[in-house]
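Raw contents of protein_18.pdb, PDB, C-alpha atoms:
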ATOM      1  CA  MET C   1      43.162 122.124 -44.890
ATOM      2  CA  ASN C   2      41.076 123.349 -47.786
ATOM      3  CA  PRO C   3      40.937 126.991 -48.913
ATOM      4  CA  GLN C   4      37.502 127.568 -47.323
ATOM      5  CA  GLN C   5      38.743 126.385 -43.933
ATOM      6  CA  LEU C   6      41.832 128.556 -44.249
ATOM      7  CA  GLN C   7      39.709 131.575 -45.164
ATOM      8  CA  LYS C   8      37.405 130.942 -42.193
ATOM      9  CA  MET C   9      40.418 130.660 -39.884
ATOM     10  CA  MET C  10      41.847 133.933 -41.218
ATOM     11  CA  LYS C  11      38.530 135.735 -40.589
ATOM     12  CA  GLN C  12      38.475 134.409 -37.023
ATOM     13  CA  ALA C  13      42.051 135.603 -36.499
ATOM     14  CA  GLN C  14      41.160 139.063 -37.834
ATOM     15  CA  LYS C  15      38.127 139.230 -35.539
ATOM     16  CA  LEU C  16      40.261 138.193 -32.577
ATOM     17  CA  GLN C  17      42.863 140.813 -33.438
ATOM     18  CA  ALA C  18      40.179 143.528 -33.624
ATOM     19  CA  GLU C  19      38.725 142.470 -30.251
ATOM     20  CA  MET C  20      42.177 142.515 -28.673
ATOM     21  CA  GLY C  21      42.790 145.997 -30.037
ATOM     22  CA  GLU C  22      39.488 147.264 -28.637
ATOM     23  CA  GLU C  23      40.214 145.718 -25.239
ATOM     24  CA  GLN C  24      43.677 147.255 -25.139
ATOM     25  CA  THR C  25      42.299 150.681 -26.091
ATOM     26  CA  LYS C  26      39.727 150.444 -23.276
ATOM     27  CA  LEU C  27      42.433 149.547 -20.767
ATOM     28  CA  GLU C  28      44.687 152.380 -21.908
ATOM     29  CA  LYS C  29      41.876 154.875 -21.232
ATOM     30  CA  LYS C  30      40.801 153.342 -17.906
ATOM     31  CA  GLU C  31      41.765 155.213 -14.729
ATOM     32  CA  PHE C  32      43.469 153.370 -11.879
ATOM     33  CA  SER C  33      43.894 154.945  -8.468
ATOM     34  CA  TYR C  34      45.958 154.181  -5.403
ATOM     35  CA  THR C  35      46.232 155.771  -1.977
ATOM     36  CA  ALA C  36      49.489 155.422  -0.037
ATOM     37  CA  GLY C  37      50.481 156.317   3.498
ATOM     38  CA  GLY C  38      46.956 156.192   4.902
ATOM     39  CA  GLY C  39      45.699 158.877   2.544
ATOM     40  CA  ALA C  40      48.875 160.942   2.467
ATOM     41  CA  ILE C  41      49.274 160.411  -1.295
ATOM     42  CA  ASP C  42      46.543 159.852  -3.886
ATOM     43  CA  LEU C  43      47.700 158.855  -7.358
ATOM     44  CA  VAL C  44      45.588 158.384 -10.478
ATOM     45  CA  MET C  45      47.114 156.818 -13.567
ATOM     46  CA  LEU C  46      45.706 155.698 -16.917
ATOM     47  CA  GLY C  47      46.153 152.160 -18.172
ATOM     48  CA  SER C  48      48.652 153.630 -20.638
ATOM     49  CA  LYS C  49      50.676 154.453 -17.488
ATOM     50  CA  LYS C  50      50.300 158.189 -17.931
ATOM     51  CA  ILE C  51      49.754 160.060 -14.673
ATOM     52  CA  VAL C  52      46.419 161.871 -14.407
ATOM     53  CA  SER C  53      46.842 163.369 -10.945
ATOM     54  CA  ILE C  54      48.874 163.318  -7.757
ATOM     55  CA  LYS C  55      47.468 164.706  -4.508
ATOM     56  CA  ILE C  56      49.754 165.154  -1.517
ATOM     57  CA  LYS C  57      48.712 166.100   2.014
ATOM     58  CA  GLU C  58      50.200 169.452   2.976
ATOM     59  CA  GLU C  59      52.035 168.108   6.024
ATOM     60  CA  LEU C  60      54.193 165.956   3.708
ATOM     61  CA  LEU C  61      55.446 169.050   1.930
ATOM     62  CA  ASP C  62      57.610 169.880   4.926
ATOM     63  CA  VAL C  63      61.323 169.601   4.087
ATOM     64  CA  GLU C  64      61.783 167.188   6.979
ATOM     65  CA  GLU C  65      59.267 164.815   5.366
ATOM     66  CA  LYS C  66      61.025 164.810   1.979
ATOM     67  CA  ASP C  67      62.312 161.222   2.258
ATOM     68  CA  MET C  68      58.915 159.876   3.313
ATOM     69  CA  LEU C  69      57.213 161.726   0.449
ATOM     70  CA  GLU C  70      59.661 160.280  -2.069
ATOM     71  CA  ASP C  71      59.167 156.749  -0.697
ATOM     72  CA  LEU C  72      55.380 157.079  -0.810
ATOM     73  CA  LEU C  73      55.460 158.324  -4.400
ATOM     74  CA  VAL C  74      57.697 155.455  -5.520
ATOM     75  CA  SER C  75      55.412 152.977  -3.751
ATOM     76  CA  ALA C  76      52.285 154.448  -5.329
ATOM     77  CA  PHE C  77      53.767 154.475  -8.850
ATOM     78  CA  ASN C  78      55.022 150.902  -8.555
ATOM     79  CA  THR C  79      51.785 149.579  -7.086
ATOM     80  CA  LEU C  80      49.640 151.184  -9.765
ATOM     81  CA  SER C  81      51.961 150.014 -12.507
ATOM     82  CA  SER C  82      51.673 146.437 -11.216
ATOM     83  CA  GLN C  83      47.870 146.717 -11.021
ATOM     84  CA  ILE C  84      47.735 147.898 -14.629
ATOM     85  CA  ASP C  85      50.017 145.067 -15.778
ATOM     86  CA  GLU C  86      47.889 142.488 -13.940
ATOM     87  CA  GLN C  87      44.680 143.800 -15.482
ATOM     88  CA  LEU C  88      46.248 143.892 -18.940
ATOM     89  CA  GLU C  89      47.441 140.305 -18.558
ATOM     90  CA  SER C  90      44.025 139.228 -17.279
ATOM     91  CA  LYS C  91      42.090 140.915 -20.091
ATOM     92  CA  MET C  92      44.450 139.969 -22.911
ATOM     93  CA  GLY C  93      45.133 136.470 -21.584
ATOM     94  CA  LYS C  94      41.664 135.329 -22.605
ATOM     95  CA  TYR C  95      42.640 136.015 -26.226
ATOM     96  CA  THR C  96      46.030 134.328 -26.133
ATOM     97  CA  LYS C  97      45.088 131.358 -23.931
ATOM     98  CA  GLY C  98      46.058 128.129 -25.650
ATOM     99  CA  LEU C  99      48.006 129.792 -28.462
ATOM    100  CA  PRO C 100      51.418 128.240 -29.124
ATOM    101  CA  PHE C 101      53.679 131.186 -28.210
TER     102      PHE C 101
END

Mind turning the file's structure into structure tokens?
Amino acid sequence: MNPQQLQKMMKQAQKLQAEMGEEQTKLEKKEFSYTAGGGAIDLVMLGSKKIVSIKIKEELLDVEEKDMLEDLLVSAFNTLSSQIDEQLESKMGKYTKGLPF
């Protein structure tokens, strides 16, 4: 490989790295939402996995519904986290496809 080819390859790698960074930044700012329990819980989370909002129907705030509320929250968090991971893998996979690692 001559120096010109190596330099061209390095520029392509730098461009790819910049594109990946932009894509990751977009995903971190994107809002993902999930509704659990037929509308009992609404959760909004950023791609960075920071919670934006949680809305809970009033009837779930009853002490007798505590266990159901906890289960719904865990389900909503886990589902959204998986959705974010899948989207991240999908978006970033196009950059790493075919690379030897």

>> Excluding Asp85 (chain C) and its own-chain neighbours fewer than 6 positions away, which residues fall within 10 Å of it when counting only C-alpha atoms? Please give them as an NGL selection string.
In response: :C and (47-49 or 79 or 91)

>> Suppose a student applies the PyMOL selection byres ((chain C and resi 95) around 9) to this structure; what residues should they get, written as number ranges by chain?
In response: C: 16-17, 19-20, 91-94, 96-99

>> Please enumerate the residues selected by the PyMOL selection byres ((chain C and resi 69) around 12) when evaluated against the supplied file, formatted as a PyMOL selection string.
In response: chain C and resi 36-37+40-42+54-68+70-76

Within 10 Å of Ile84 (chain C), counting only C-alpha atoms, which residues show up once you throw out same-chain ones fewer than 6 positions away? Write them as a short mmCIF file (atom, residue, chain, number, x, y, z; two decimals) with C-alpha atoms, in the frame of the given file, please.
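For reference, out_11.cif as written:
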data_model
loop_
_atom_site.label_atom_id
_atom_site.label_comp_id
_atom_site.auth_asym_id
_atom_site.auth_seq_id
_atom_site.Cartn_x
_atom_site.Cartn_y
_atom_site.Cartn_z
CA LEU C 27 42.43 149.55 -20.77
CA GLU C 28 44.69 152.38 -21.91
CA LYS C 30 40.80 153.34 -17.91
CA GLU C 31 41.76 155.21 -14.73
CA PHE C 32 43.47 153.37 -11.88
CA MET C 45 47.11 156.82 -13.57
CA LEU C 46 45.71 155.70 -16.92
CA GLY C 47 46.15 152.16 -18.17
CA SER C 48 48.65 153.63 -20.64
CA LYS C 49 50.68 154.45 -17.49
CA ASN C 78 55.02 150.90 -8.56
CA SER C 90 44.02 139.23 -17.28
#

>> So the first atom is CA of Thr35 (chain C) and the second is CA of Ser53 (chain C); what is the distance between them in Å, to one decimal place?
In response: 11.8 Å

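Comparing C:Gln7, C:Asn2, C:Gln12, C:Ser33 by their smallest distance to Ile51 (chain C), the closest is C:Ser33 (using all atoms listed in the file).
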
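Atom to atom, CA of Glu89 (chain C) and CA of Met10 (chain C) stand 24.2 Å apart.
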
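Across the structure, CA of Phe77 (chain C) and CA of Val52 (chain C) are spaced 11.8 Å apart.
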
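For the residues C:Gln83, C:Met1, C:Lys50, C:Leu43, ranking by smallest atom-to-atom distance to Lys29 (chain C) using all atoms listed in the file places C:Lys50 first.
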
>> Just checking: using all atoms listed in the file, which residue out of C:Val44, C:Ala13, C:Ala18, C:Leu6 ends up closest to Leu80 (chain C)?
In response: C:Val44

Since fewer atoms than expected are present, regenerate all heavy atoms for region 24-35 of chain C and write them as a JSON list (two decimals), in the coordinates of the input.
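Contents of part12.json, freshly written:
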[["chain", "number", "residue", "atom", "x", "y", "z"],
["C", 24, "GLN", "N", 42.48, 146.52, -25.53],
["C", 24, "GLN", "CA", 43.68, 147.26, -25.14],
["C", 24, "GLN", "C", 43.40, 148.76, -25.11],
["C", 24, "GLN", "O", 43.84, 149.45, -24.19],
["C", 24, "GLN", "CB", 44.83, 146.95, -26.09],
["C", 24, "GLN", "CG", 46.14, 147.54, -25.61],
["C", 24, "GLN", "CD", 47.34, 146.91, -26.28],
["C", 24, "GLN", "OE1", 47.22, 146.09, -27.18],
["C", 24, "GLN", "NE2", 48.51, 147.31, -25.85],
["C", 25, "THR", "N", 42.65, 149.26, -26.07],
["C", 25, "THR", "CA", 42.30, 150.68, -26.09],
["C", 25, "THR", "C", 41.49, 151.06, -24.85],
["C", 25, "THR", "O", 41.73, 152.10, -24.23],
["C", 25, "THR", "CB", 41.52, 151.03, -27.38],
["C", 25, "THR", "OG1", 42.37, 150.75, -28.51],
["C", 25, "THR", "CG2", 41.10, 152.48, -27.40],
["C", 26, "LYS", "N", 40.53, 150.19, -24.48],
["C", 26, "LYS", "CA", 39.73, 150.44, -23.28],
["C", 26, "LYS", "C", 40.61, 150.51, -22.04],
["C", 26, "LYS", "O", 40.45, 151.39, -21.19],
["C", 26, "LYS", "CB", 38.69, 149.34, -23.08],
["C", 26, "LYS", "CG", 37.51, 149.41, -23.98],
["C", 26, "LYS", "CD", 36.56, 148.25, -23.65],
["C", 26, "LYS", "CE", 35.52, 148.05, -24.70],
["C", 26, "LYS", "NZ", 34.68, 146.85, -24.43],
["C", 27, "LEU", "N", 41.55, 149.57, -21.93],
["C", 27, "LEU", "CA", 42.43, 149.55, -20.77],
["C", 27, "LEU", "C", 43.34, 150.77, -20.72],
["C", 27, "LEU", "O", 43.61, 151.31, -19.66],
["C", 27, "LEU", "CB", 43.28, 148.28, -20.75],
["C", 27, "LEU", "CG", 42.59, 147.04, -20.22],
["C", 27, "LEU", "CD1", 43.47, 145.81, -20.43],
["C", 27, "LEU", "CD2", 42.27, 147.19, -18.75],
["C", 28, "GLU", "N", 43.81, 151.21, -21.87],
["C", 28, "GLU", "CA", 44.69, 152.38, -21.91],
["C", 28, "GLU", "C", 43.97, 153.64, -21.44],
["C", 28, "GLU", "O", 44.59, 154.53, -20.88],
["C", 28, "GLU", "CB", 45.24, 152.58, -23.32],
["C", 28, "GLU", "CG", 46.28, 151.55, -23.70],
["C", 28, "GLU", "CD", 46.75, 151.68, -25.14],
["C", 28, "GLU", "OE1", 46.19, 152.48, -25.91],
["C", 28, "GLU", "OE2", 47.68, 150.93, -25.50],
["C", 29, "LYS", "N", 42.66, 153.70, -21.63],
["C", 29, "LYS", "CA", 41.88, 154.88, -21.23],
["C", 29, "LYS", "C", 41.32, 154.76, -19.81],
["C", 29, "LYS", "O", 40.87, 155.76, -19.25],
["C", 29, "LYS", "CB", 40.72, 155.08, -22.21],
["C", 29, "LYS", "CG", 41.19, 155.47, -23.60],
["C", 29, "LYS", "CD", 40.03, 155.63, -24.55],
["C", 29, "LYS", "CE", 40.53, 156.00, -25.94],
["C", 29, "LYS", "NZ", 39.42, 156.15, -26.89],
["C", 30, "LYS", "N", 41.35, 153.57, -19.24],
["C", 30, "LYS", "CA", 40.80, 153.34, -17.91],
["C", 30, "LYS", "C", 41.68, 154.01, -16.85],
["C", 30, "LYS", "O", 42.90, 154.02, -16.96],
["C", 30, "LYS", "CB", 40.72, 151.84, -17.63],
["C", 30, "LYS", "CG", 40.11, 151.51, -16.29],
["C", 30, "LYS", "CD", 39.98, 150.00, -16.09],
["C", 30, "LYS", "CE", 39.40, 149.73, -14.72],
["C", 30, "LYS", "NZ", 39.24, 148.29, -14.49],
["C", 31, "GLU", "N", 41.03, 154.59, -15.83],
["C", 31, "GLU", "CA", 41.76, 155.21, -14.73],
["C", 31, "GLU", "C", 41.93, 154.23, -13.58],
["C", 31, "GLU", "O", 40.99, 153.54, -13.20],
["C", 31, "GLU", "CB", 41.04, 156.46, -14.22],
["C", 31, "GLU", "CG", 41.17, 157.63, -15.15],
["C", 31, "GLU", "CD", 40.66, 158.93, -14.54],
["C", 31, "GLU", "OE1", 40.18, 158.94, -13.39],
["C", 31, "GLU", "OE2", 40.74, 159.95, -15.24],
["C", 32, "PHE", "N", 43.14, 154.18, -13.05],
["C", 32, "PHE", "CA", 43.47, 153.37, -11.88],
["C", 32, "PHE", "C", 43.90, 154.33, -10.79],
["C", 32, "PHE", "O", 44.59, 155.31, -11.05],
["C", 32, "PHE", "CB", 44.63, 152.41, -12.20],
["C", 32, "PHE", "CG", 44.28, 151.37, -13.23],
["C", 32, "PHE", "CD1", 44.33, 151.66, -14.58],
["C", 32, "PHE", "CD2", 43.93, 150.09, -12.83],
["C", 32, "PHE", "CE1", 44.02, 150.70, -15.52],
["C", 32, "PHE", "CE2", 43.61, 149.12, -13.77],
["C", 32, "PHE", "CZ", 43.65, 149.42, -15.12],
["C", 33, "SER", "N", 43.50, 154.05, -9.56],
["C", 33, "SER", "CA", 43.89, 154.94, -8.47],
["C", 33, "SER", "C", 44.46, 154.14, -7.31],
["C", 33, "SER", "O", 44.16, 152.96, -7.13],
["C", 33, "SER", "CB", 42.71, 155.78, -8.00],
["C", 33, "SER", "OG", 41.67, 154.95, -7.53],
["C", 34, "TYR", "N", 45.32, 154.81, -6.55],
["C", 34, "TYR", "CA", 45.96, 154.18, -5.40],
["C", 34, "TYR", "C", 46.21, 155.25, -4.35],
["C", 34, "TYR", "O", 46.59, 156.38, -4.68],
["C", 34, "TYR", "CB", 47.28, 153.53, -5.82],
["C", 34, "TYR", "CG", 47.99, 152.84, -4.68],
["C", 34, "TYR", "CD1", 47.53, 151.63, -4.19],
["C", 34, "TYR", "CD2", 49.11, 153.42, -4.10],
["C", 34, "TYR", "CE1", 48.17, 151.00, -3.13],
["C", 34, "TYR", "CE2", 49.77, 152.78, -3.05],
["C", 34, "TYR", "CZ", 49.29, 151.58, -2.57],
["C", 34, "TYR", "OH", 49.93, 150.95, -1.53],
["C", 35, "THR", "N", 45.97, 154.88, -3.10],
["C", 35, "THR", "CA", 46.23, 155.77, -1.98],
["C", 35, "THR", "C", 47.33, 155.15, -1.12],
["C", 35, "THR", "O", 47.23, 153.98, -0.75],
["C", 35, "THR", "CB", 44.96, 155.97, -1.13],
["C", 35, "THR", "OG1", 43.95, 156.53, -1.98],
["C", 35, "THR", "CG2", 45.21, 156.90, 0.03]]
